[in-house]
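Below is the file entry.csv, which contains CSV, C-alpha atoms and all ligand atoms.
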chain,number,residue,atom,x,y,z
Q,1,MET,CA,110.2,105.9,70.8
Q,2,THR,CA,112.1,104.6,73.8
Q,3,LEU,CA,110.8,106.1,77.1
Q,4,SER,CA,113.1,107.0,79.9
Q,5,LYS,CA,112.4,105.3,83.2
Q,6,GLU,CA,110.7,108.4,84.6
Q,7,GLN,CA,108.5,108.6,81.4
Q,8,PHE,CA,107.7,104.9,81.6
Q,9,ARG,CA,106.8,105.2,85.3
Q,10,GLU,CA,104.5,108.1,84.6
Q,11,ARG,CA,102.8,106.2,81.9
Q,12,ALA,CA,102.4,103.1,84.0
Q,13,TYR,CA,100.8,105.2,86.8
Q,14,ALA,CA,98.4,106.8,84.3
Q,15,GLU,CA,97.5,103.3,83.0
Q,16,LEU,CA,97.0,102.2,86.6
Q,17,LEU,CA,94.4,105.0,87.3
Q,18,ASP,CA,92.4,103.8,84.2
Q,19,LYS,CA,92.8,100.2,85.5
Q,20,ALA,CA,91.4,101.3,88.9
Q,21,ASN,CA,88.4,102.9,87.2
Q,22,ILE,CA,87.7,99.8,85.2
Q,23,ALA,CA,88.1,97.7,88.3
Q,24,VAL,CA,85.5,99.8,90.1
Q,25,ASP,CA,83.0,100.5,87.3
Q,26,GLY,CA,83.6,97.7,84.8
Q,27,ILE,CA,83.9,98.0,81.0
Q,28,ARG,CA,81.5,97.9,78.0
Q,29,VAL,CA,82.1,95.1,75.6
Q,30,SER,CA,79.6,94.8,72.7
Q,31,ASP,CA,78.6,91.3,71.5
Q,32,GLU,CA,80.3,92.1,68.2
Q,33,VAL,CA,83.6,93.0,69.9
Q,34,ALA,CA,83.4,90.1,72.3
Q,35,LYS,CA,83.1,87.8,69.4
Q,36,ALA,CA,85.9,89.4,67.5
Q,37,THR,CA,88.3,88.8,70.4
Q,38,GLY,CA,87.9,85.1,70.0
Q,39,ALA,CA,87.0,84.7,73.7
Q,40,GLY,CA,86.1,81.1,74.3
Q,41,VAL,CA,87.7,80.0,71.0
Q,42,THR,CA,91.3,81.2,70.8
Q,43,VAL,CA,91.3,83.6,73.7
Q,44,LYS,CA,90.9,82.6,77.4
Q,45,GLU,CA,87.4,83.5,78.5
Q,46,GLY,CA,86.3,84.8,81.9
Q,47,GLY,CA,83.6,83.3,84.1
Q,48,HIS,CA,80.9,85.6,83.0
Q,49,LEU,CA,79.6,83.0,80.5
Q,50,GLN,CA,78.3,81.0,83.5
Q,51,ARG,CA,76.3,83.9,84.7
Q,52,GLY,CA,74.6,84.4,81.4
Q,53,GLY,CA,76.7,87.4,80.1
Q,54,PRO,CA,78.7,87.7,76.9
Q,55,VAL,CA,81.7,85.5,76.4
Q,56,VAL,CA,84.5,88.0,77.0
Q,57,PRO,CA,88.3,87.5,77.5
Q,58,PHE,CA,89.3,86.9,81.1
Q,59,SER,CA,91.6,90.0,81.1
Q,60,PHE,CA,93.7,92.2,78.8
Q,61,ARG,CA,97.2,93.4,79.0
Q,62,THR,CA,98.0,97.1,78.6
Q,63,PRO,CA,101.0,98.5,76.7
Q,64,THR,CA,103.0,98.9,79.9
Q,65,GLY,CA,102.2,95.3,81.0
Q,66,LEU,CA,99.3,95.8,83.5
Q,67,ASP,CA,96.7,93.0,83.6
Q,68,VAL,CA,93.2,94.3,83.7
Q,69,GLY,CA,90.3,92.0,84.5
Q,70,ILE,CA,87.2,92.3,82.3
Q,71,ARG,CA,84.0,92.8,84.2
Q,72,PRO,CA,81.4,93.8,81.6
Q,73,SER,CA,79.1,96.7,82.5
Q,74,PRO,CA,76.8,98.2,79.9
Q,75,ALA,CA,76.8,101.6,81.6
Q,76,ALA,CA,80.6,101.9,82.0
Q,77,ASP,CA,82.5,104.9,80.7
Q,78,TYR,CA,85.3,102.6,79.4
Q,79,GLU,CA,84.8,100.4,76.3
Q,80,LEU,CA,86.8,97.7,74.6
Q,81,ARG,CA,86.9,98.3,70.9
Q,82,HIS,CA,88.1,96.6,67.8
Q,83,ASN,CA,90.2,98.0,65.0
Q,84,GLY,CA,89.0,95.8,62.2
Q,85,ARG,CA,91.5,97.0,59.7
Q,86,GLU,CA,94.5,96.1,61.9
Q,87,ASN,CA,92.6,93.4,63.8
Q,88,SER,CA,93.8,95.0,67.0
Q,89,PHE,CA,91.9,96.0,70.2
Q,90,TYR,CA,92.0,99.2,72.2
Q,91,VAL,CA,90.1,100.8,75.1
Q,92,THR,CA,88.4,104.2,75.2
Q,93,ARG,CA,87.0,106.4,77.9
Q,94,ASP,CA,84.2,108.5,76.6
Q,95,GLY,CA,85.5,107.9,73.1
Q,96,GLU,CA,89.1,108.9,73.9
Q,97,VAL,CA,91.8,106.2,73.6
Q,98,VAL,CA,93.3,105.2,76.9
Q,99,TYR,CA,95.0,101.9,76.0
Q,100,ASP,CA,96.0,101.2,72.4
Q,101,LYS,CA,96.7,97.7,71.3
Q,102,VAL,CA,95.8,95.6,74.3
Q,103,THR,CA,96.4,91.9,74.1
Q,104,PHE,CA,94.7,88.8,75.5
Q,105,GLU,CA,95.9,85.5,76.8
Q,106,PRO,CA,95.5,82.4,74.6
Q,107,ARG,CA,92.9,79.9,75.6
Q,108,PRO,CA,94.3,76.7,77.2
Q,109,LYS,CA,93.8,73.7,74.9
Q,110,TYR,CA,92.7,71.6,77.8
Q,111,TYR,CA,89.6,73.7,78.2
Q,112,ASP,CA,88.2,71.6,75.4
Q,113,TYR,CA,89.0,68.3,77.2
Q,114,LEU,CA,86.7,66.2,79.4
Q,115,THR,CA,87.6,64.3,82.6
Q,116,SER,CA,87.2,60.5,82.4
Q,117,ASP,CA,83.7,60.9,84.0
Q,118,GLY,CA,82.7,63.3,81.2
Q,119,ARG,CA,83.0,66.7,83.0
Q,120,PRO,CA,84.5,69.6,81.0
Q,121,MET,CA,87.9,70.2,82.5
Q,122,LYS,CA,87.5,74.0,82.3
Q,123,GLU,CA,84.7,73.7,84.8
Q,124,ILE,CA,87.0,71.9,87.2
Q,125,VAL,CA,90.2,73.9,86.9
Q,126,SER,CA,90.6,77.3,85.3
Q,127,ILE,CA,93.8,79.2,84.6
Q,128,VAL,CA,93.9,82.7,86.1
Q,129,THR,CA,97.3,84.4,85.7
Q,130,ASN,CA,100.9,83.4,86.3
Q,131,GLY,CA,100.3,79.7,86.1
Q,132,CYS,CA,97.6,79.7,88.7
Q,133,ALA,CA,95.4,76.6,88.2
Q,134,ALA,CA,92.4,77.6,90.3
Q,135,VAL,CA,90.0,75.1,91.7
Q,136,TRP,CA,86.7,76.4,93.0
Q,137,TYR,CA,86.1,73.1,94.7
Q,138,SER,CA,82.6,73.6,96.1
Q,139,ASN,CA,79.6,76.0,96.2
Q,140,GLU,CA,78.8,74.8,99.7
Q,141,CYS,CA,79.2,77.1,102.6
Q,142,ALA,CA,78.2,76.0,106.1
Q,143,PHE,CA,77.4,79.6,107.0
Q,144,LYS,CA,74.9,80.0,104.1
Q,145,GLU,CA,72.7,77.1,105.4
Q,146,ARG,CA,72.6,78.8,108.8
Q,147,GLY,CA,71.8,82.2,107.4
Q,148,GLU,CA,75.2,83.5,108.6
Q,149,ASP,CA,77.0,83.9,105.3
Q,150,CYS,CA,79.1,87.0,104.7
Q,151,LEU,CA,76.9,89.9,103.6
Q,152,PHE,CA,78.8,90.6,100.4
Q,153,CYS,CA,79.1,87.0,99.3
Q,154,GLY,CA,77.1,85.6,96.4
Q,155,ILE,CA,77.9,81.9,97.0
Q,156,ASN,CA,75.1,80.2,95.2
Q,157,TYR,CA,74.6,77.2,97.4
Q,158,ARG,CA,71.1,76.3,98.4
Q,159,PRO,CA,70.4,73.2,100.5
Q,160,GLY,CA,70.2,70.3,98.1
Q,161,ASP,CA,72.3,71.8,95.2
Q,162,ALA,CA,75.8,71.6,96.7
Q,163,PHE,CA,78.5,70.4,94.4
Q,164,LEU,CA,81.9,69.1,95.4
Q,165,LYS,CA,84.4,68.3,92.7
Q,166,THR,CA,86.0,65.0,93.2
Q,167,PRO,CA,89.8,64.6,93.8
Q,168,GLU,CA,90.0,62.5,90.7
Q,169,GLN,CA,88.4,65.2,88.5
Q,170,ILE,CA,90.7,67.8,90.0
Q,171,ALA,CA,93.8,65.7,89.6
Q,172,GLU,CA,93.1,64.9,86.0
Q,173,SER,CA,92.4,68.5,85.1
Q,174,VAL,CA,95.4,69.8,87.0
Q,175,LYS,CA,97.6,67.3,85.1
Q,176,ALA,CA,96.2,68.5,81.8
Q,177,ALA,CA,97.1,72.1,82.7
Q,178,TYR,CA,100.6,71.1,83.9
Q,179,ASP,CA,101.2,69.0,80.8
Q,180,GLU,CA,100.2,71.9,78.5
Q,181,GLY,CA,102.5,74.2,80.4
Q,182,VAL,CA,99.8,76.7,81.3
Q,183,GLY,CA,99.5,75.7,85.0
Q,184,TRP,CA,102.4,75.3,87.5
Q,185,ARG,CA,100.6,75.8,90.8
Q,186,VAL,CA,97.2,74.9,92.3
Q,187,ASP,CA,95.0,77.2,94.3
Q,188,PHE,CA,91.9,75.9,96.0
Q,189,THR,CA,89.0,78.1,97.0
Q,190,GLY,CA,85.4,77.5,97.9
Q,191,GLY,CA,82.9,77.9,100.8
Q,192,VAL,CA,83.4,76.8,104.3
Q,193,ILE,CA,82.8,73.2,105.1
Q,194,PRO,CA,83.0,72.0,108.7
Q,195,GLU,CA,86.6,71.5,109.9
Q,196,ARG,CA,87.0,67.7,109.9
Q,197,ARG,CA,85.4,67.3,106.5
Q,198,GLU,CA,87.4,70.2,105.1
Q,199,ILE,CA,90.8,68.8,106.1
Q,200,GLU,CA,89.9,65.3,104.9
Q,201,TYR,CA,88.7,66.6,101.6
Q,202,TYR,CA,91.8,68.8,101.1
Q,203,SER,CA,94.1,65.9,102.0
Q,204,ASP,CA,92.4,63.6,99.5
Q,205,ALA,CA,92.5,66.2,96.8
Q,206,ILE,CA,96.2,67.0,97.2
Q,207,GLU,CA,97.1,63.3,97.4
Q,208,ALA,CA,95.3,62.6,94.1
Q,209,ILE,CA,97.1,65.5,92.4
Q,210,GLN,CA,100.5,64.3,93.8
Q,211,ASP,CA,99.8,60.7,92.6
Q,212,THR,CA,98.7,61.8,89.2
Q,213,LEU,CA,101.6,64.2,88.6
Q,214,GLY,CA,104.0,61.8,90.2
Q,215,ARG,CA,105.6,64.4,92.5
Q,216,SER,CA,104.9,66.0,95.9
Q,217,ASP,CA,106.9,69.2,95.6
Q,218,LEU,CA,103.9,71.3,94.6
Q,219,ILE,CA,103.1,74.9,95.1
Q,220,ALA,CA,99.6,74.4,96.4
Q,221,ALA,CA,97.3,76.8,98.3
Q,222,ALA,CA,94.4,75.8,100.5
Q,223,CYS,CA,91.7,78.3,101.6
Q,224,VAL,CA,90.2,77.5,104.9
Q,225,ALA,CA,88.3,79.1,107.8
Q,226,GLY,CA,90.6,80.0,110.6
Q,227,PRO,CA,90.5,76.7,112.5
Q,228,ARG,CA,90.0,76.7,116.3
Q,229,GLU,CA,92.0,73.5,116.3
Q,230,LEU,CA,95.4,74.8,115.1
Q,231,SER,CA,96.8,71.4,114.5
Q,232,ASN,CA,94.6,71.3,111.4
Q,233,LEU,CA,97.1,73.7,109.8
Q,234,ASP,CA,99.8,71.2,110.5
Q,235,ARG,CA,97.8,68.5,108.9
Q,236,LEU,CA,97.4,70.5,105.7
Q,237,ARG,CA,101.1,71.2,105.6
Q,238,GLU,CA,101.9,67.5,106.1
Q,239,ALA,CA,99.4,66.7,103.4
Q,240,GLY,CA,101.5,68.8,100.9
Q,241,PHE,CA,100.0,72.3,101.0
Q,242,SER,CA,102.7,75.1,100.9
Q,243,ILE,CA,100.3,78.1,101.2
Q,244,ILE,CA,97.4,78.8,103.4
Q,245,THR,CA,94.7,81.4,102.9
Q,246,MET,CA,92.3,82.5,105.7
Q,247,ASN,CA,90.3,85.5,104.9
Q,248,ILE,CA,89.2,87.8,107.7
Q,249,GLU,CA,87.6,90.2,105.2
Q,250,VAL,CA,87.4,93.2,107.6
Q,251,TRP,CA,89.6,94.1,110.6
Q,252,ASP,CA,87.2,96.0,112.9
Q,253,GLU,CA,85.7,93.7,115.4
Q,254,ASN,CA,82.1,95.1,115.1
Q,255,PHE,CA,82.2,95.1,111.4
Q,256,PHE,CA,83.5,91.5,111.5
Q,257,LYS,CA,80.5,90.5,113.6
Q,258,THR,CA,78.0,92.3,111.3
Q,259,ILE,CA,79.6,91.5,107.9
Q,260,CYS,CA,80.8,88.0,108.6
Q,261,PRO,CA,78.4,86.6,111.2
Q,262,GLY,CA,79.3,83.0,110.6
Q,263,LYS,CA,83.0,83.5,110.8
Q,264,ALA,CA,82.6,85.6,114.0
Q,265,ARG,CA,80.4,83.0,115.7
Q,266,MET,CA,82.1,79.8,114.6
Q,267,VAL,CA,85.7,81.0,114.9
Q,268,GLY,CA,85.8,84.5,116.4
Q,269,ARG,CA,88.1,87.3,115.5
Q,270,GLU,CA,90.8,86.6,118.1
Q,271,ASN,CA,90.9,82.9,117.1
Q,272,TRP,CA,91.1,83.9,113.4
Q,273,ILE,CA,94.1,86.2,114.1
Q,274,LYS,CA,95.7,83.5,116.2
Q,275,ALA,CA,95.4,81.0,113.4
Q,276,LEU,CA,97.0,83.5,110.9
Q,277,GLU,CA,99.9,84.1,113.4
Q,278,TYR,CA,100.3,80.3,113.9
Q,279,ALA,CA,100.2,79.7,110.1
Q,280,ALA,CA,102.9,82.3,109.4
Q,281,GLU,CA,105.2,80.6,111.9
Q,282,LEU,CA,104.5,77.2,110.5
Q,283,TYR,CA,104.5,77.9,106.8
Q,284,GLY,CA,106.9,80.8,106.9
Q,285,ALA,CA,106.5,84.5,106.0
Q,286,GLY,CA,105.1,85.0,102.6
Q,287,HIS,CA,103.2,81.7,102.6
Q,288,VAL,CA,100.0,82.9,104.3
Q,289,ARG,CA,97.4,85.1,102.8
Q,290,CYS,CA,94.5,87.0,104.3
Q,291,ASN,CA,91.9,88.6,102.0
Q,292,PHE,CA,90.1,91.9,102.8
Q,293,VAL,CA,87.0,93.2,101.1
Q,294,THR,CA,87.9,96.8,101.0
Q,295,GLY,CA,85.4,99.7,101.2
Q,296,ILE,CA,83.1,98.3,103.7
Q,297,GLU,CA,84.8,99.4,106.9
Q,298,PRO,CA,86.8,102.7,107.2
Q,299,LYS,CA,90.1,102.6,105.4
Q,300,PHE,CA,92.1,103.2,108.5
Q,301,ARG,CA,90.8,100.1,110.1
Q,302,THR,CA,91.7,97.9,107.1
Q,303,LEU,CA,95.1,99.5,107.1
Q,304,GLU,CA,95.6,98.7,110.8
Q,305,GLY,CA,94.9,95.0,109.9
Q,306,VAL,CA,97.3,95.1,107.0
Q,307,GLU,CA,100.0,96.7,109.2
Q,308,TYR,CA,99.6,94.1,111.9
Q,309,LEU,CA,99.4,91.1,109.5
Q,310,SER,CA,102.4,92.3,107.5
Q,311,SER,CA,104.4,92.5,110.7
Q,312,VAL,CA,103.9,88.8,111.4
Q,313,GLY,CA,104.6,87.8,107.8
Q,314,VAL,CA,101.0,87.4,106.5
Q,315,VAL,CA,100.3,88.9,103.1
Q,316,ALA,CA,97.1,90.9,103.2
Q,317,ASN,CA,95.3,91.0,99.9
Q,318,PRO,CA,92.8,93.8,99.4
Q,319,ASN,CA,89.9,92.9,97.1
Q,320,ILE,CA,87.7,95.7,95.8
Q,321,PHE,CA,84.2,95.4,97.2
Q,322,HIS,CA,81.6,94.4,94.7
Q,323,PRO,CA,78.5,93.1,96.4
Q,324,ALA,CA,77.0,90.2,94.6
Q,325,PRO,CA,73.4,90.4,93.3
Q,326,GLY,CA,70.8,89.0,95.7
Q,327,THR,CA,73.0,89.7,98.8
Q,328,PRO,CA,72.0,92.0,101.6
Q,329,LEU,CA,74.5,94.6,100.4
Q,330,GLU,CA,73.1,94.6,96.8
Q,331,GLY,CA,72.8,98.2,95.6
Q,332,THR,CA,75.6,99.5,97.7
Q,333,ARG,CA,78.9,100.1,95.9
Q,334,CYS,CA,82.6,100.4,96.4
Q,335,PRO,CA,84.3,103.7,96.9
Q,336,THR,CA,86.0,105.6,94.0
Q,337,ALA,CA,88.9,104.5,92.0
Q,338,GLU,CA,91.1,107.1,93.8
Q,339,TRP,CA,90.0,105.8,97.2
Q,340,ASN,CA,91.0,102.3,96.2
Q,341,LEU,CA,94.3,103.3,94.6
Q,342,ASP,CA,95.2,105.2,97.8
Q,343,LEU,CA,94.4,102.2,99.9
Q,344,GLN,CA,96.2,99.7,97.6
Q,345,GLU,CA,99.3,101.9,97.4
Q,346,ARG,CA,99.4,102.1,101.2
Q,347,VAL,CA,99.1,98.3,101.4
Q,348,CYS,CA,102.1,98.0,99.1
Q,349,ASP,CA,104.1,100.5,101.1
Q,350,ILE,CA,103.3,98.7,104.4
Q,351,GLN,CA,104.3,95.4,103.0
Q,352,ARG,CA,107.6,96.7,101.7
Q,353,ARG,CA,108.4,98.4,105.0
Q,354,ALA,CA,107.6,95.1,106.8
Q,355,GLY,CA,110.3,93.4,104.7
Q,356,LEU,CA,108.0,91.3,102.4
Q,357,LYS,CA,109.2,90.8,98.9
Q,358,PHE,CA,107.3,90.8,95.6
Q,359,GLU,CA,108.1,87.1,95.3
Q,360,ASP,CA,106.1,86.6,98.5
Q,361,ILE,CA,103.2,88.6,97.0
Q,362,ILE,CA,103.2,86.5,93.8
Q,363,ASN,CA,103.7,83.3,95.8
Q,364,VAL,CA,100.5,83.8,97.9
Q,365,HIS,CA,98.5,85.7,95.3
Q,366,PRO,CA,99.5,85.1,91.7
Q,367,VAL,CA,96.5,87.0,90.3
Q,368,THR,CA,98.0,90.2,88.8
Q,369,THR,CA,94.7,91.8,88.0
Q,370,GLY,CA,94.8,93.3,91.5
Q,371,LEU,CA,96.0,96.9,91.9
Q,372,PHE,CA,98.6,96.5,94.7
Q,373,HIS,CA,100.6,94.2,92.5
Q,374,ASP,CA,101.1,97.0,90.1
Q,375,PHE,CA,102.3,99.4,92.8
Q,376,TRP,CA,104.9,96.8,93.7
Q,377,ARG,CA,105.9,96.3,90.0
Q,378,ILE,CA,106.2,100.0,89.4
Q,379,LYS,CA,107.9,100.9,92.7
Q,380,GLU,CA,110.4,98.0,92.3
Q,381,GLU,CA,110.8,98.6,88.6
Q,382,LEU,CA,109.7,95.1,87.7
Q,383,LEU,CA,107.6,95.9,84.6
Q,384,PRO,CA,109.5,95.0,81.4
Q,385,GLY,CA,109.5,98.7,80.3
Q,386,PHE,CA,111.9,99.5,83.1
Q,387,ALA,CA,114.6,97.2,81.6
Q,388,PRO,CA,117.4,99.1,80.0
Q,389,ALA,CA,117.1,99.2,76.2
Q,390,THR,CA,119.6,96.9,74.4
Q,391,ALA,CA,121.4,98.0,71.3
F,401,LIG,S1,82.8,82.1,104.3
F,401,LIG,FE1,81.8,84.0,103.7
F,401,LIG,S2,82.9,84.6,101.9
F,401,LIG,FE2,83.4,82.5,102.2
F,401,LIG,S3,81.9,81.3,101.0
F,401,LIG,FE3,81.1,81.4,103.1
F,401,LIG,S4,79.8,83.2,103.0
F,401,LIG,FE4,81.1,83.4,101.2

Represent the structure from my file as structure tokens, please.
Ligand code: SF4
Amino acid sequence: MTLSKEQFRERAYAELLDKANIAVDGIRVSDEVAKATGAGVTVKEGGHLQRGGPVVPFSFRTPTGLDVGIRPSPAADYELRHNGRENSFYVTRDGEVVYDKVTFEPRPKYYDYLTSDGRPMKEIVSIVTNGCAAVWYSNECAFKERGEDCLFCGINYRPGDAFLKTPEQIAESVKAAYDEGVGWRVDFTGGVIPERREIEYYSDAIEAIQDTLGRSDLIAAACVAGPRELSNLDRLREAGFSIITMNIEVWDENFFKTICPGKARMVGRENWIKALEYAAELYGAGHVRCNFVTGIEPKFRTLEGVEYLSSVGVVANPNIFHPAPGTPLEGTRCPTAEWNLDLQERVCDIQRRAGLKFEDIINVHPVTTGLFHDFWRIKEELLPGFAPATA
């Protein structure tokens, strides 16, 4: 049956509410169902394997086209289930079907390849969504060593066990992703390393990628601490990065000092904001991202930050707060799905009012498992189900 636009919109919003609940509370996936999905064999797996959990798909796609991240939680109300007769998968809440026939992304072939120094490429570069070849380049964070790491962050660096992926490993793995057609942009992330080393490392890494791919016109994102020395942002641009991410995490000054003590001490809130403003001028509107961890500070303070940053062309990206085990915030939890949906819809509305476009959102944050992307895609009628039916 073909749905009218209004019916489709209503259905997409209903699916979004379930997606928000899954984003907040997780989803049950039995070992048997996880195995039946083919995760890690034919279906792209998430990172939970590395933390000792079941091998599960990275995400699933709902019937209206929403991408839902899979975060296994044995106590969740939602469950991924397998229809063995049809070999299809569906999702229930308390036994009732909420998504029928969900689908998974195929596993990149290069995940089975090794770099020339013998490292599995999937550990160097992983594909998220929309061609995003993600490089978690290091587990080192200068703040961790000083006991000033952000209170929600589970970066697992301990003095002596730091890893730093080499530019050569990254370049080879990115090339494999590009050659296969599953990656078409590179997004770096990792802990904070002191300014000079950070810039030099990024410059070496992007140069290696450019040389290996034989081109310099890359969509490439660097994630850095707001530099006190603003010319470092020029250096990254000259090196070939087209997108910069600098995550302030919370907007309120006092929360910033408490939740992100290293960022507050080393950079300071005012300098962080100045760096975001400078980057938006230099890289252009829609080429700078600032993540927030939402649900720690009052909603209105986060929205003040989103409002201001949107007005200067920075894309604020609200991430749902999930404190990592072993952190000072372990045991606290994020607000309800409804709270998060309200915030993320308001983020979308603020961004649209400020003149940002969905292309800007996808450009700086191609990971469509977030909720505000869906508000954009529903409000702007970008989901495939909005397209007029053809005869
Ligand atoms: S800066 Fe904060 S969020 Fe980023 S890696 Fe370090 S401790 Fe974690």

Against ligand LIG 401 (chain F), which residues of chain Q fall within 6 Å? For each one I want the closest pair of atoms and the distance in Å (one decimal), counting only C-alpha atoms and all ligand atoms, rows by chain and increasing residue number, as CSV.
residue,atom,partner,partner_atom,distance
Q:Cys141,CA,F:LIG401,FE3,4.7
Q:Phe143,CA,F:LIG401,FE3,5.7
Q:Lys144,CA,F:LIG401,S4,6.0
Q:Asp149,CA,F:LIG401,S4,3.7
Q:Cys150,CA,F:LIG401,FE1,4.2
Q:Cys153,CA,F:LIG401,FE4,4.5
Q:Ile155,CA,F:LIG401,FE4,5.5
Q:Gly191,CA,F:LIG401,S3,3.5
Q:Val192,CA,F:LIG401,FE3,5.3

Pick from Q:Ile320, Q:Val182, Q:Val43, Q:Ala205, whichever lies nearest to Ala337 of chain Q using only C-alpha atoms: Q:Ile320

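Of the listed residues (Q:His365, Q:Lys274, Q:Arg119, Q:Lys109), Q:Lys109 comes nearest to Ala176 of chain Q; the distances count only C-alpha atoms.
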
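Proximity ranking of Q:Ala36, Q:Ile296, Q:Leu164, Q:Ala171 relative to Ser116 of chain Q places Q:Ala171 first, based on all atoms listed in the file.
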
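Pairwise distance (atom CA of Asp94 of chain Q, atom CA of Asp77 of chain Q) equals 5.7 Å.
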
Pro106 of chain Q environment, 10 Å, all atoms listed in the file, sequence neighbours closer than 3 positions dropped, as a PyMOL selection string: chain Q and resi 38-45+57+103+109+182

Closest of Q:Val250, Q:Ile70, Q:Ile209, Q:Ile124 to Thr189 of chain Q - atom-to-atom distances counting all atoms listed in the file: Q:Ile124

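Atom CA of His287 of chain Q to atom CA of Asp360 of chain Q spans 7.0 Å [interatomic distance, one decimal].
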
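Here atom CA of Cys223 of chain Q is placed at a distance of 21.9 Å from atom CA of Thr258 of chain Q.
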
Using only C-alpha atoms, find each residue in segment 358-383 of chain Q having at least one atom no more than 12 Å away from segment 233-243 of chain Q; report its shortest atom-to-atom pair and that distance in Å (one decimal), rows by chain then rising number, as CSV.
residue,atom,partner,partner_atom,distance
Q:Asp360,CA,Q:Ile243,CA,10.6
Q:Ile361,CA,Q:Ile243,CA,11.7
Q:Ile362,CA,Q:Ile243,CA,11.6
Q:Asn363,CA,Q:Ile243,CA,8.2
Q:Val364,CA,Q:Ile243,CA,6.6
Q:His365,CA,Q:Ile243,CA,9.8
Q:Pro366,CA,Q:Ile243,CA,11.8

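You can rank Q:Gly181, Q:Pro227, Q:Pro108, Q:Gly65 by their closest distance to Ser126 of chain Q using all atoms listed in the file, and at the top of that list sits Q:Pro108.
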
Contacts of Arg61 of chain Q within 10 Å, only C-alpha atoms, excl. fewer than 5 positions in-chain, as a ChimeraX atom specification: /Q:66-69,99,101-105,369

Spatial neighbours of Arg333 of chain Q, 10 Å, only C-alpha atoms, chain gap at least 2 places, as a ChimeraX atom specification: /Q:24-25,295-296,320-323,329-331,335-336

Once you've located segment 314-338 of chain Q in the structure I gave, write it as a PDB file, in the first residue's frame, keeping C-alpha atoms.
ATOM      1  CA  VAL Q 314      29.177  26.050  13.176  1.00  0.00           C
ATOM      2  CA  VAL Q 315      27.165  22.815  13.143  1.00  0.00           C
ATOM      3  CA  ALA Q 316      26.392  21.726  16.693  1.00  0.00           C
ATOM      4  CA  ASN Q 317      26.094  17.966  16.998  1.00  0.00           C
ATOM      5  CA  PRO Q 318      24.175  16.686  20.031  1.00  0.00           C
ATOM      6  CA  ASN Q 319      25.380  13.299  21.252  1.00  0.00           C
ATOM      7  CA  ILE Q 320      23.295  11.408  23.777  1.00  0.00           C
ATOM      8  CA  PHE Q 321      25.108  11.126  27.114  1.00  0.00           C
ATOM      9  CA  HIS Q 322      26.230   7.577  27.910  1.00  0.00           C
ATOM     10  CA  PRO Q 323      28.894   7.668  30.616  1.00  0.00           C
ATOM     11  CA  ALA Q 324      31.540   5.050  29.990  1.00  0.00           C
ATOM     12  CA  PRO Q 325      32.140   2.346  32.630  1.00  0.00           C
ATOM     13  CA  GLY Q 326      34.896   3.275  35.040  1.00  0.00           C
ATOM     14  CA  THR Q 327      34.389   7.027  34.652  1.00  0.00           C
ATOM     15  CA  PRO Q 328      33.393   9.342  37.515  1.00  0.00           C
ATOM     16  CA  LEU Q 329      29.899   9.564  36.010  1.00  0.00           C
ATOM     17  CA  GLU Q 330      29.356   5.798  35.831  1.00  0.00           C
ATOM     18  CA  GLY Q 331      25.909   4.925  37.142  1.00  0.00           C
ATOM     19  CA  THR Q 332      24.306   8.178  36.105  1.00  0.00           C
ATOM     20  CA  ARG Q 333      22.252   8.051  32.949  1.00  0.00           C
ATOM     21  CA  CYS Q 334      20.916  10.191  30.185  1.00  0.00           C
ATOM     22  CA  PRO Q 335      17.435  11.723  30.284  1.00  0.00           C
ATOM     23  CA  THR Q 336      14.428  10.053  28.664  1.00  0.00           C
ATOM     24  CA  ALA Q 337      13.916   9.440  24.973  1.00  0.00           C
ATOM     25  CA  GLU Q 338      11.276  12.209  24.933  1.00  0.00           C
TER      26      GLU Q 338
END
